[in-house]
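Peer 1: Just coords-v2.txt, nothing more (compact mmCIF, C-alpha atoms (C1' of nucleotides)):
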# COMPACT_ATOMS: atom_id res chain seq x y z
CA MET U 1 -0.47 -42.40 9.13
CA THR U 2 0.86 -39.61 7.01
CA ASP U 3 1.52 -41.02 3.60
CA LYS U 4 3.34 -38.55 1.44
CA PRO U 5 1.75 -37.60 -1.84
CA ASP U 6 4.69 -35.54 -2.80
CA ILE U 7 3.59 -32.01 -2.31
CA PRO U 8 6.09 -29.35 -3.37
CA ARG U 9 7.92 -27.65 -0.54
CA LYS U 10 6.55 -24.23 -1.31
CA THR U 11 3.04 -25.58 -1.21
CA VAL U 12 3.71 -27.10 2.17
CA TYR U 13 4.76 -23.68 3.47
CA ARG U 14 1.55 -22.20 2.25
CA LEU U 15 -0.50 -24.97 3.79
CA SER U 16 0.78 -23.88 7.20
CA ILE U 17 -0.35 -20.39 6.49
CA TYR U 18 -3.78 -21.50 5.34
CA GLN U 19 -3.97 -23.56 8.47
CA ARG U 20 -3.41 -20.53 10.63
CA CYS U 21 -6.06 -18.55 8.80
CA LEU U 22 -8.50 -21.42 9.17
CA ARG U 23 -7.84 -21.58 12.88
CA ARG U 24 -8.77 -17.93 13.17
CA LEU U 25 -11.93 -18.47 11.16
CA ARG U 26 -12.87 -21.35 13.40
CA GLU U 27 -12.42 -19.23 16.49
CA ASN U 28 -14.87 -16.82 14.91
CA ARG U 29 -17.37 -19.61 14.30
CA VAL U 30 -17.17 -19.26 10.53
CA GLU U 31 -18.30 -22.53 8.94
CA THR U 32 -17.53 -22.04 5.31
CA VAL U 33 -14.99 -20.07 3.36
CA SER U 34 -14.43 -19.47 -0.36
CA SER U 35 -11.06 -19.80 -2.03
CA GLU U 36 -11.24 -16.08 -2.64
CA ALA U 37 -11.68 -15.14 1.00
CA LEU U 38 -9.13 -17.58 2.34
CA ALA U 39 -6.61 -16.63 -0.31
CA LYS U 40 -7.00 -13.00 0.59
CA ALA U 41 -6.38 -13.73 4.26
CA ALA U 42 -3.30 -15.75 3.38
CA GLY U 43 -1.93 -13.24 0.91
CA VAL U 44 -2.05 -15.43 -2.20
CA THR U 45 -4.22 -15.67 -5.31
CA PRO U 46 -7.38 -17.78 -5.26
CA SER U 47 -6.04 -19.89 -8.13
CA GLN U 48 -2.96 -20.71 -6.23
CA LEU U 49 -4.90 -21.69 -3.17
CA ARG U 50 -7.09 -24.03 -5.20
CA LYS U 51 -4.11 -25.59 -6.91
CA ASP U 52 -2.38 -26.07 -3.60
CA LEU U 53 -5.34 -27.87 -2.12
CA ALA U 54 -5.84 -29.90 -5.26
CA SER U 55 -2.37 -31.30 -4.83
CA PHE U 56 -3.63 -33.63 -2.14
CA GLY U 57 -7.37 -34.01 -2.57
CA ASN U 58 -10.76 -32.45 -3.32
CA PHE U 59 -12.54 -30.91 -0.44
CA GLY U 60 -14.53 -27.95 -1.65
CA THR U 61 -18.17 -27.86 -2.65
CA ARG U 62 -18.73 -26.03 -5.90
CA GLY U 63 -20.90 -23.02 -5.50
CA LEU U 64 -20.26 -22.95 -1.78
CA GLY U 65 -16.62 -23.10 -0.76
CA TYR U 66 -14.72 -25.08 1.83
CA ASN U 67 -15.88 -26.31 5.20
CA VAL U 68 -13.53 -24.63 7.64
CA GLU U 69 -13.44 -27.38 10.22
CA ALA U 70 -12.96 -30.19 7.73
CA LEU U 71 -10.32 -28.44 5.67
CA SER U 72 -8.36 -27.52 8.73
CA GLY U 73 -8.50 -31.13 9.86
CA THR U 74 -7.25 -32.42 6.53
CA ILE U 75 -4.40 -29.96 6.36
CA GLY U 76 -3.41 -30.89 9.90
CA GLU U 77 -3.37 -34.57 8.91
CA THR U 78 -1.34 -33.81 5.85
CA LEU U 79 1.24 -31.74 7.64
CA GLY U 80 1.42 -34.27 10.43
CA THR U 81 0.54 -31.78 13.13
CA THR U 82 -2.49 -33.47 14.59
CA ARG U 83 -0.46 -35.05 17.35
CA LEU U 84 1.89 -33.08 19.56
CA GLN U 85 5.38 -33.35 18.14
CA PRO U 86 8.30 -33.46 20.60
CA VAL U 87 11.21 -31.16 19.76
CA ILE U 88 14.61 -30.64 21.33
CA LEU U 89 16.57 -27.43 21.36
CA VAL U 90 20.34 -27.45 21.18
CA GLY U 91 22.33 -24.41 22.27
CA VAL U 92 20.97 -22.48 25.22
CA GLY U 93 22.53 -19.09 24.52
CA ASN U 94 20.75 -15.82 23.85
CA LEU U 95 18.61 -16.97 21.05
CA GLY U 96 18.14 -20.47 22.40
CA SER U 97 16.82 -19.33 25.74
CA ALA U 98 14.47 -16.85 24.08
CA LEU U 99 13.09 -19.72 22.04
CA LEU U 100 12.61 -21.76 25.19
CA ARG U 101 10.60 -18.99 26.75
CA TYR U 102 8.57 -18.47 23.60
CA HIS U 103 5.50 -20.66 23.71
CA GLY U 104 4.04 -19.84 20.33
CA PHE U 105 4.92 -23.37 19.24
CA ASN U 106 2.64 -25.24 21.60
CA LYS U 107 -0.45 -23.81 20.04
CA GLU U 108 0.71 -25.18 16.73
CA GLY U 109 1.46 -28.67 17.92
CA PHE U 110 5.10 -28.60 19.00
CA GLU U 111 6.57 -28.98 22.43
CA ILE U 112 10.17 -28.46 23.43
CA VAL U 113 10.73 -31.47 25.63
CA GLY U 114 14.37 -30.91 26.45
CA ALA U 115 17.33 -28.65 25.82
CA PHE U 116 21.02 -29.44 25.41
CA ASP U 117 24.14 -27.39 25.78
CA GLY U 118 27.85 -28.09 25.57
CA GLU U 119 28.57 -26.05 28.66
CA VAL U 120 27.56 -28.21 31.64
CA GLY U 121 25.50 -26.73 34.43
CA LYS U 122 23.32 -24.43 32.34
CA THR U 123 19.74 -24.23 33.49
CA HIS U 124 16.43 -22.82 32.41
CA PRO U 125 13.32 -22.09 34.51
CA THR U 126 10.89 -24.31 32.61
CA VAL U 127 12.79 -26.71 30.37
CA ARG U 128 15.48 -29.03 31.66
CA VAL U 129 18.94 -28.54 30.14
CA TYR U 130 20.97 -31.71 29.58
CA PRO U 131 24.65 -32.13 28.76
CA MET U 132 25.41 -33.14 25.17
CA GLY U 133 26.44 -36.60 26.28
CA GLU U 134 22.84 -37.49 26.96
CA LEU U 135 21.63 -36.52 23.52
CA GLU U 136 21.47 -39.90 21.91
CA GLY U 137 19.76 -41.59 24.84
CA PHE U 138 17.20 -38.83 25.12
CA VAL U 139 16.38 -38.77 21.43
CA SER U 140 15.71 -42.46 21.21
CA ALA U 141 13.92 -42.68 24.56
CA ASN U 142 11.54 -39.86 23.61
CA GLY U 143 11.08 -40.53 19.93
CA VAL U 144 12.41 -37.10 19.02
CA LYS U 145 12.66 -36.46 15.28
CA LEU U 146 12.94 -32.72 15.22
CA ALA U 147 15.65 -30.44 16.59
CA ILE U 148 16.17 -26.71 16.76
CA LEU U 149 19.83 -25.80 16.38
CA ALA U 150 20.79 -22.51 18.01
CA VAL U 151 24.53 -22.86 18.56
CA PRO U 152 27.31 -20.56 17.33
CA ALA U 153 28.31 -20.91 13.69
CA SER U 154 31.72 -22.23 14.59
CA VAL U 155 30.36 -25.44 16.07
CA ALA U 156 27.14 -25.82 14.12
CA GLN U 157 28.29 -28.49 11.68
CA GLN U 158 29.86 -30.54 14.43
CA VAL U 159 26.77 -30.40 16.63
CA CYS U 160 24.57 -31.12 13.64
CA ASN U 161 26.55 -34.28 13.01
CA GLU U 162 25.86 -35.36 16.57
CA LEU U 163 22.16 -34.74 16.06
CA VAL U 164 22.11 -36.83 12.95
CA ALA U 165 24.05 -39.59 14.66
CA ALA U 166 21.52 -39.52 17.50
CA GLY U 167 18.72 -40.12 15.02
CA VAL U 168 17.24 -36.68 14.48
CA GLN U 169 15.51 -36.44 11.10
CA ALA U 170 14.87 -32.74 10.70
CA VAL U 171 16.73 -29.64 11.86
CA LEU U 172 15.63 -26.04 12.12
CA ASN U 173 18.96 -24.28 11.87
CA PHE U 174 19.57 -20.76 13.17
CA ALA U 175 23.33 -20.81 12.67
CA PRO U 176 24.57 -18.85 9.65
CA VAL U 177 26.15 -21.87 8.03
CA VAL U 178 25.28 -24.19 5.17
CA LEU U 179 24.93 -27.54 6.91
CA GLU U 180 25.91 -30.79 5.25
CA VAL U 181 23.58 -33.63 6.13
CA PRO U 182 22.78 -37.05 4.72
CA GLU U 183 20.09 -37.16 2.10
CA GLN U 184 17.30 -38.39 4.36
CA VAL U 185 17.68 -35.54 6.84
CA VAL U 186 15.88 -32.26 6.18
CA VAL U 187 17.22 -28.85 7.15
CA ASN U 188 15.40 -25.54 7.16
CA ASN U 189 17.43 -22.43 7.73
CA VAL U 190 16.43 -19.28 9.51
CA ASP U 191 19.12 -16.77 8.82
CA LEU U 192 18.55 -13.32 10.20
CA ALA U 193 21.48 -11.62 8.53
CA VAL U 194 20.44 -13.00 5.16
CA GLU U 195 16.94 -11.68 5.66
CA LEU U 196 18.21 -8.24 6.54
CA GLU U 197 20.57 -8.15 3.58
CA ASN U 198 17.72 -9.16 1.36
CA LEU U 199 15.59 -6.30 2.61
CA SER U 200 18.51 -4.00 2.29
CA TYR U 201 18.65 -4.70 -1.44
CA PHE U 202 14.99 -3.97 -1.95
CA ILE U 203 15.10 -0.61 -0.25
CA ARG U 204 15.05 1.77 -3.15
CA MET W 205 24.23 4.65 -5.05
CA THR W 206 22.55 1.34 -5.48
CA ASP W 207 20.80 1.31 -8.81
CA LYS W 208 18.65 -1.76 -9.12
CA PRO W 209 19.22 -3.96 -12.10
CA ASP W 210 16.30 -6.07 -11.16
CA ILE W 211 17.77 -9.18 -9.70
CA PRO W 212 15.26 -11.87 -8.77
CA ARG W 213 14.58 -12.20 -5.07
CA LYS W 214 15.87 -15.73 -4.83
CA THR W 215 19.12 -14.68 -6.39
CA VAL W 216 19.46 -11.89 -3.87
CA TYR W 217 19.12 -14.42 -1.07
CA ARG W 218 21.87 -16.48 -2.56
CA LEU W 219 24.11 -13.46 -2.98
CA SER W 220 24.05 -13.03 0.78
CA ILE W 221 25.17 -16.58 1.18
CA TYR W 222 27.95 -16.23 -1.35
CA GLN W 223 28.99 -13.11 0.47
CA ARG W 224 29.37 -15.01 3.68
CA CYS W 225 31.45 -17.70 2.03
CA LEU W 226 33.65 -15.07 0.43
CA ARG W 227 34.21 -13.43 3.79
CA ARG W 228 35.45 -16.69 5.15
CA LEU W 229 37.76 -17.19 2.19
CA ARG W 230 39.12 -13.70 2.68
CA GLU W 231 39.85 -14.41 6.32
CA ASN W 232 41.85 -17.39 5.11
CA ARG W 233 43.81 -15.23 2.68
CA VAL W 234 42.45 -17.02 -0.35
CA GLU W 235 42.76 -14.73 -3.37
CA THR W 236 40.90 -16.54 -6.06
CA VAL W 237 38.02 -18.98 -6.16
CA SER W 238 36.36 -20.97 -8.93
CA SER W 239 32.62 -21.14 -9.41
CA GLU W 240 32.87 -24.78 -8.55
CA ALA W 241 34.52 -24.25 -5.18
CA LEU W 242 32.37 -21.32 -4.16
CA ALA W 243 29.20 -23.09 -5.24
CA LYS W 244 30.12 -26.09 -3.18
CA ALA W 245 30.65 -23.94 -0.10
CA ALA W 246 27.33 -22.24 -0.64
CA GLY W 247 25.42 -25.44 -1.34
CA VAL W 248 24.39 -24.65 -4.93
CA THR W 249 25.44 -25.79 -8.40
CA PRO W 250 28.27 -24.03 -10.22
CA SER W 251 25.93 -23.13 -13.07
CA GLN W 252 23.56 -21.46 -10.75
CA LEU W 253 26.29 -19.47 -9.13
CA ARG W 254 27.52 -18.25 -12.51
CA LYS W 255 24.04 -17.31 -13.63
CA ASP W 256 23.43 -15.47 -10.38
CA LEU W 257 26.56 -13.41 -10.79
CA ALA W 258 25.87 -12.83 -14.45
CA SER W 259 22.61 -11.15 -13.49
CA PHE W 260 24.50 -8.05 -12.49
CA GLY W 261 27.86 -8.07 -14.25
CA ASN W 262 30.92 -9.99 -15.36
CA PHE W 263 33.68 -10.37 -12.88
CA GLY W 264 35.38 -13.68 -13.39
CA THR W 265 38.51 -14.35 -15.36
CA ARG W 266 38.14 -17.32 -17.66
CA GLY W 267 40.56 -20.04 -16.88
CA LEU W 268 41.14 -18.63 -13.43
CA GLY W 269 38.03 -17.92 -11.41
CA TYR W 270 36.89 -14.96 -9.34
CA ASN W 271 38.97 -12.60 -7.28
CA VAL W 272 37.66 -13.04 -3.76
CA GLU W 273 38.21 -9.49 -2.60
CA ALA W 274 36.74 -7.89 -5.69
CA LEU W 275 33.72 -10.13 -5.92
CA SER W 276 32.92 -9.64 -2.29
CA GLY W 277 33.13 -5.89 -2.78
CA THR W 278 30.79 -5.94 -5.75
CA ILE W 279 28.24 -8.10 -4.01
CA GLY W 280 28.37 -5.78 -1.01
CA GLU W 281 27.75 -2.82 -3.29
CA THR W 282 24.89 -4.58 -4.97
CA LEU W 283 23.19 -5.62 -1.76
CA GLY W 284 23.74 -2.18 -0.31
CA THR W 285 25.64 -3.44 2.69
CA THR W 286 28.87 -1.55 2.26
CA ARG W 287 27.77 1.14 4.67
CA LEU W 288 26.43 0.36 8.13
CA GLN W 289 22.66 0.29 7.92
CA PRO W 290 20.71 1.57 10.95
CA VAL W 291 17.86 -0.67 12.09
CA ILE W 292 15.23 -0.29 14.77
CA LEU W 293 13.61 -3.08 16.70
CA VAL W 294 10.00 -2.87 17.79
CA GLY W 295 8.69 -5.06 20.58
CA VAL W 296 11.08 -5.76 23.43
CA GLY W 297 9.61 -9.04 24.68
CA ASN W 298 11.28 -12.42 24.81
CA LEU W 299 12.32 -12.64 21.25
CA GLY W 300 12.96 -8.92 20.87
CA SER W 301 15.37 -8.74 23.75
CA ALA W 302 17.21 -11.82 22.54
CA LEU W 303 17.66 -10.10 19.19
CA LEU W 304 19.00 -7.01 20.93
CA ARG W 305 21.60 -9.08 22.70
CA TYR W 306 22.50 -10.94 19.54
CA HIS W 307 25.29 -9.11 17.76
CA GLY W 308 25.63 -11.30 14.71
CA PHE W 309 24.18 -8.45 12.67
CA ASN W 310 26.96 -5.96 13.21
CA LYS W 311 29.46 -8.10 11.40
CA GLU W 312 27.18 -8.10 8.40
CA GLY W 313 26.61 -4.36 8.29
CA PHE W 314 23.56 -3.75 10.43
CA GLU W 315 23.26 -1.92 13.72
CA ILE W 316 20.24 -1.77 15.97
CA VAL W 317 20.23 1.90 16.85
CA GLY W 318 17.12 1.97 18.96
CA ALA W 319 14.27 -0.14 20.30
CA PHE W 320 10.62 0.68 20.84
CA ASP W 321 7.93 -0.82 23.01
CA GLY W 322 4.32 0.01 23.76
CA GLU W 323 4.81 -0.57 27.45
CA VAL W 324 6.60 2.50 28.82
CA GLY W 325 9.56 2.11 31.13
CA LYS W 326 11.09 -0.98 29.51
CA THR W 327 14.84 -0.94 29.40
CA HIS W 328 17.70 -2.92 27.96
CA PRO W 329 21.37 -2.97 29.00
CA THR W 330 22.89 -1.87 25.71
CA VAL W 331 20.19 -0.42 23.46
CA ARG W 332 17.92 2.40 24.52
CA VAL W 333 14.19 1.60 24.56
CA TYR W 334 11.87 4.42 23.49
CA PRO W 335 8.12 4.73 23.82
CA MET W 336 6.15 4.28 20.59
CA GLY W 337 5.31 7.98 20.53
CA GLU W 338 8.87 8.79 19.56
CA LEU W 339 8.94 6.44 16.62
CA GLU W 340 8.32 8.89 13.84
CA GLY W 341 10.77 11.47 15.11
CA PHE W 342 13.48 8.88 15.61
CA VAL W 343 13.04 7.32 12.20
CA SER W 344 13.34 10.56 10.34
CA ALA W 345 16.11 11.96 12.52
CA ASN W 346 18.23 8.84 12.05
CA GLY W 347 17.41 7.96 8.47
CA VAL W 348 16.08 4.56 9.49
CA LYS W 349 14.66 2.52 6.65
CA LEU W 350 14.64 -0.92 8.14
CA ALA W 351 12.69 -2.27 11.12
CA ILE W 352 12.51 -5.59 12.91
CA LEU W 353 9.01 -6.31 14.15
CA ALA W 354 8.86 -8.60 17.17
CA VAL W 355 5.51 -7.78 18.73
CA PRO W 356 2.64 -10.19 19.50
CA ALA W 357 0.48 -11.24 16.56
CA SER W 358 -2.54 -9.43 17.93
CA VAL W 359 -0.98 -6.00 17.48
CA ALA W 360 1.40 -6.65 14.60
CA GLN W 361 -0.67 -5.10 11.82
CA GLN W 362 -1.40 -2.02 13.89
CA VAL W 363 2.25 -1.51 14.82
CA CYS W 364 3.30 -2.19 11.25
CA ASN W 365 1.00 0.60 10.10
CA GLU W 366 2.75 2.94 12.50
CA LEU W 367 6.10 1.89 11.10
CA VAL W 368 4.98 2.58 7.59
CA ALA W 369 3.53 5.92 8.60
CA ALA W 370 6.84 6.80 10.22
CA GLY W 371 8.62 6.18 6.95
CA VAL W 372 10.07 2.71 7.36
CA GLN W 373 10.61 1.04 3.98
CA ALA W 374 11.33 -2.56 4.91
CA VAL W 375 10.19 -4.80 7.73
CA LEU W 376 11.55 -8.06 9.01
CA ASN W 377 8.45 -9.56 10.59
CA PHE W 378 8.55 -12.21 13.30
CA ALA W 379 4.84 -12.09 14.09
CA PRO W 380 2.81 -14.99 12.69
CA VAL W 381 0.58 -12.75 10.62
CA VAL W 382 0.31 -11.82 6.96
CA LEU W 383 0.98 -8.09 7.01
CA GLU W 384 -0.71 -5.70 4.61
CA VAL W 385 1.57 -2.93 3.48
CA PRO W 386 1.64 -0.42 0.65
CA GLU W 387 3.31 -1.54 -2.53
CA GLN W 388 6.60 0.27 -1.99
CA VAL W 389 7.22 -1.31 1.40
CA VAL W 390 8.92 -4.73 1.54
CA VAL W 391 8.22 -7.34 4.17
CA ASN W 392 10.16 -10.51 4.88
CA ASN W 393 8.66 -13.00 7.28
CA VAL W 394 10.40 -15.25 9.73
CA ASP W 395 7.81 -17.63 11.01
CA LEU W 396 9.04 -20.29 13.35
CA ALA W 397 5.88 -22.30 13.56
CA VAL W 398 5.64 -22.44 9.80
CA GLU W 399 9.20 -23.70 9.59
CA LEU W 400 8.53 -26.41 12.12
CA GLU W 401 5.34 -27.50 10.39
CA ASN W 402 7.21 -27.65 7.16
CA LEU W 403 9.84 -29.93 8.65
CA SER W 404 7.14 -31.96 10.26
CA TYR W 405 5.74 -32.79 6.85
CA PHE W 406 9.07 -33.91 5.48
CA ILE W 407 9.77 -36.31 8.31
CA ARG W 408 9.02 -39.66 6.75
C1' DA Z 409 -25.59 -17.87 -9.21
C1' DA Z 410 -21.65 -18.98 -7.17
C1' DT Z 411 -17.52 -21.29 -6.74
C1' DT Z 412 -14.66 -25.30 -7.26
C1' DG Z 413 -11.31 -28.28 -9.97
C1' DT Z 414 -8.35 -28.51 -13.72
C1' DG Z 415 -6.17 -28.55 -18.49
C1' DA Z 416 -3.75 -25.21 -21.19
C1' DA Z 417 -0.89 -21.17 -21.38
C1' DT Z 418 2.45 -18.49 -19.35
C1' DT Z 419 5.99 -17.09 -16.73
C1' DG Z 420 10.07 -18.03 -14.06
C1' DA Z 421 14.09 -20.70 -12.40
C1' DT Z 422 17.49 -24.17 -13.11
C1' DT Z 423 20.50 -26.96 -15.64
C1' DC Z 424 23.05 -28.18 -19.86
C1' DA Z 425 26.58 -27.76 -22.91
C1' DC Z 426 29.78 -25.38 -25.30
C1' DA Z 427 31.93 -21.27 -27.54
C1' DG Z 428 35.12 -17.86 -26.10
C1' DC Z 429 38.87 -15.91 -23.03
C1' DT Z 430 43.08 -15.91 -20.49
C1' DA D 431 44.17 -26.39 -20.11
C1' DG D 432 40.95 -24.42 -17.34
C1' DC D 433 37.05 -21.94 -16.26
C1' DT D 434 33.79 -18.29 -17.20
C1' DG D 435 29.65 -16.41 -19.61
C1' DT D 436 25.60 -17.47 -21.96
C1' DG D 437 22.05 -19.19 -25.37
C1' DA D 438 19.16 -23.12 -25.63
C1' DA D 439 16.69 -26.73 -23.30
C1' DT D 440 14.44 -28.34 -19.45
C1' DC D 441 11.90 -28.30 -15.45
C1' DA D 442 8.82 -26.05 -11.98
C1' DA D 443 5.47 -22.76 -10.42
C1' DT D 444 1.83 -19.62 -11.31
C1' DT D 445 -2.00 -17.78 -13.58
C1' DC D 446 -5.82 -18.05 -16.84
C1' DA D 447 -10.12 -19.33 -18.20
C1' DC D 448 -13.82 -22.26 -18.31
C1' DA D 449 -16.47 -26.60 -17.89
C1' DA D 450 -18.48 -29.05 -14.07
C1' DT D 451 -21.14 -29.07 -9.93
C1' DT D 452 -24.07 -27.70 -6.21
Before anything else, please render the file you have as structure tokens.
Peer 2:
Amino acid sequence: MTDKPDIPRKTVYRLSIYQRCLRRLRENRVETVSSEALAKAAGVTPSQLRKDLASFGNFGTRGLGYNVEALSGTIGETLGTTRLQPVILVGVGNLGSALLRYHGFNKEGFEIVGAFDGEVGKTHPTVRVYPMGELEGFVSANGVKLAILAVPASVAQQVCNELVAAGVQAVLNFAPVVLEVPEQVVVNNVDLAVELENLSYFIR
Amino acid sequence: MTDKPDIPRKTVYRLSIYQRCLRRLRENRVETVSSEALAKAAGVTPSQLRKDLASFGNFGTRGLGYNVEALSGTIGETLGTTRLQPVILVGVGNLGSALLRYHGFNKEGFEIVGAFDGEVGKTHPTVRVYPMGELEGFVSANGVKLAILAVPASVAQQVCNELVAAGVQAVLNFAPVVLEVPEQVVVNNVDLAVELENLSYFIR
DNA sequence: AATTGTGAATTGATTCACAGCT
DNA sequence: AGCTGTGAATCAATTCACAATT
């Protein structure tokens, strides 16, 4: 069971990145890696990497480095990605259907088990699209905790409320809106316009 | 011209969000807003909002609040989004073509003026798709500074190098890879798997 | 000899609280 | 009376630097 030594959110982000680098090392049959090498691959400083890992345990061997396999396993445990995590997607428009077709998730332990859309009769070649009315039943029947929200801004808060009511605990939100949710629900935002504006500022 | 009083990156992100809230207020003919109200809409504390704005000037009127129109204008100036900014998209796969169809950008001052793909002969209903060979010419002819990178991880670094060589100054990267770029080039990453893993950790 | 783990130092971001305008 | 602008205080994150370990 994942107990939660409270690791800061930014650290958790970096753990995912380390995890990806470790996966690549494993594919290349590398057994051991130093904080310096791994940090370089992940684009951080070695100090930071060591501190990050220290926040939930001691796994390195001084003078040697980290065992790739073992570290990767521990990070997976910590993130809670060792088992496949079922995810639903809500809003099968442009972006939504691209996400359904995109299978990059599976490799990393997520599977989109169902999609929902307000407009009845929508379909998708590989994932079944349900009407919103079936949301609650589906979520509890399948133990879904995680939802991807890809609906238009105008209805995002409303649909988010339905997700919360259905028992969803975490939302990856693509709508350009600041969602209000109860304390125990987590929201991460992916906001393309904000990212572009940010870049726009940093262009000389 | 945008001079750059160096505003911290996190503040710049929030400016975009304030900007969006201001736009909505403007649509509703609201003339004046207090730091408290705007902060609430943006999901931050009033103090933080005031500090953020203070980092590049003084625009409020004590006792009254901020003029919506004026503040929005200044933020637009600061972010460099008052003029339409031309953007190219590289990699017309699943995600890439969804982004081409998605017009949420235009409203916020960005226009995808061309797309590029390694595979010749790709097309798209509204945006012209060019072969990679024409990248450099296109970028300099159209004054493009900003690129969206939506190619597979395996070729992302390579393609990114070509972008940099062509003169692109900022990249919004969707590939799950840590890109290496020269100092003067800015990269923002949107990494869906990392976001999901992050949520996964915070689910009880 | 190499490399981790970590306390101390530093740097950065956020919040407080109130003086100063309108 | 109300609300901004801001210095001071707090809190958080990062880096340094070195003792501890293999």
Peer 1: Using all atoms listed in the file, find which residues of chain W lie within 6 Å of chain U and jot them down as a PyMOL selection string.
Peer 2: chain W and resi 217+220+283-284+298-299+302+309+397-398+402+405
Peer 1: CA of Val355 (chain W) and CA of Val294 (chain W) are how many Å apart?
Peer 2: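 About the pair CA of Val355 (chain W) and CA of Val294 (chain W): they are 6.7 Å apart.
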Peer 1: Distance cut-off 6 Å, counting all atoms listed in the file - which residues of chain W neighbour chain D? Return them as a short mmCIF file (atom, residue, chain, number, x, y, z; two decimals) with C-alpha atoms, in the coordinates of the input.
Peer 2:
data_model
loop_
_atom_site.label_atom_id
_atom_site.label_comp_id
_atom_site.auth_asym_id
_atom_site.auth_seq_id
_atom_site.Cartn_x
_atom_site.Cartn_y
_atom_site.Cartn_z
CA ARG W 266 38.14 -17.32 -17.66
CA GLY W 267 40.56 -20.04 -16.88
CA LEU W 268 41.14 -18.63 -13.43
#
Peer 1: Please, what distance in Å, to one decimal, runs between CA of Leu89 (chain U) and CA of Ala150 (chain U)?
Peer 2: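 Straight-line distance from CA of Leu89 (chain U) to CA of Ala150 (chain U) works out to 7.3 Å.
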Peer 1: Report the closest atom pair, with its distance in Å rounded to one decimal, for each residue of chain Z that has an atom no farther than 8 Å from chain U; count only C-alpha atoms (C1' of nucleotides), sort by chain and then rising residue number, and write it as JSON lines.
Peer 2:
{"residue": "Z:DA409", "atom": "C1'", "partner": "U:Gly63", "partner_atom": "CA", "distance": 7.9}
{"residue": "Z:DA410", "atom": "C1'", "partner": "U:Gly63", "partner_atom": "CA", "distance": 4.4}
{"residue": "Z:DT411", "atom": "C1'", "partner": "U:Gly63", "partner_atom": "CA", "distance": 4.0}
{"residue": "Z:DT412", "atom": "C1'", "partner": "U:Arg62", "partner_atom": "CA", "distance": 4.4}
{"residue": "Z:DG413", "atom": "C1'", "partner": "U:Ala54", "partner_atom": "CA", "distance": 7.4}
Peer 1: Looking at U:Ala39, U:Cys160, U:Val92, U:Val44, which one is nearest to Gly121 (chain U), with distances taken over all atoms listed in the file?
Peer 2: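 Going through U:Ala39, U:Cys160, U:Val92, U:Val44 one by one, the smallest distance to Gly121 (chain U) is for U:Val92.
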Peer 1: Have a look at C1' of DA425 (chain Z) and CA of Gln252 (chain W) and let me know their distance in Å, one decimal.
Peer 2: 14.0 Å
Peer 1: Would you mind listing what lies within 9 Å of region 330-335 of chain W as a ChimeraX atom specification, with all atoms listed in the file counted and same-chain residues fewer than 3 positions away left out?
Peer 2: /W:296,304-305,316-327,338-339
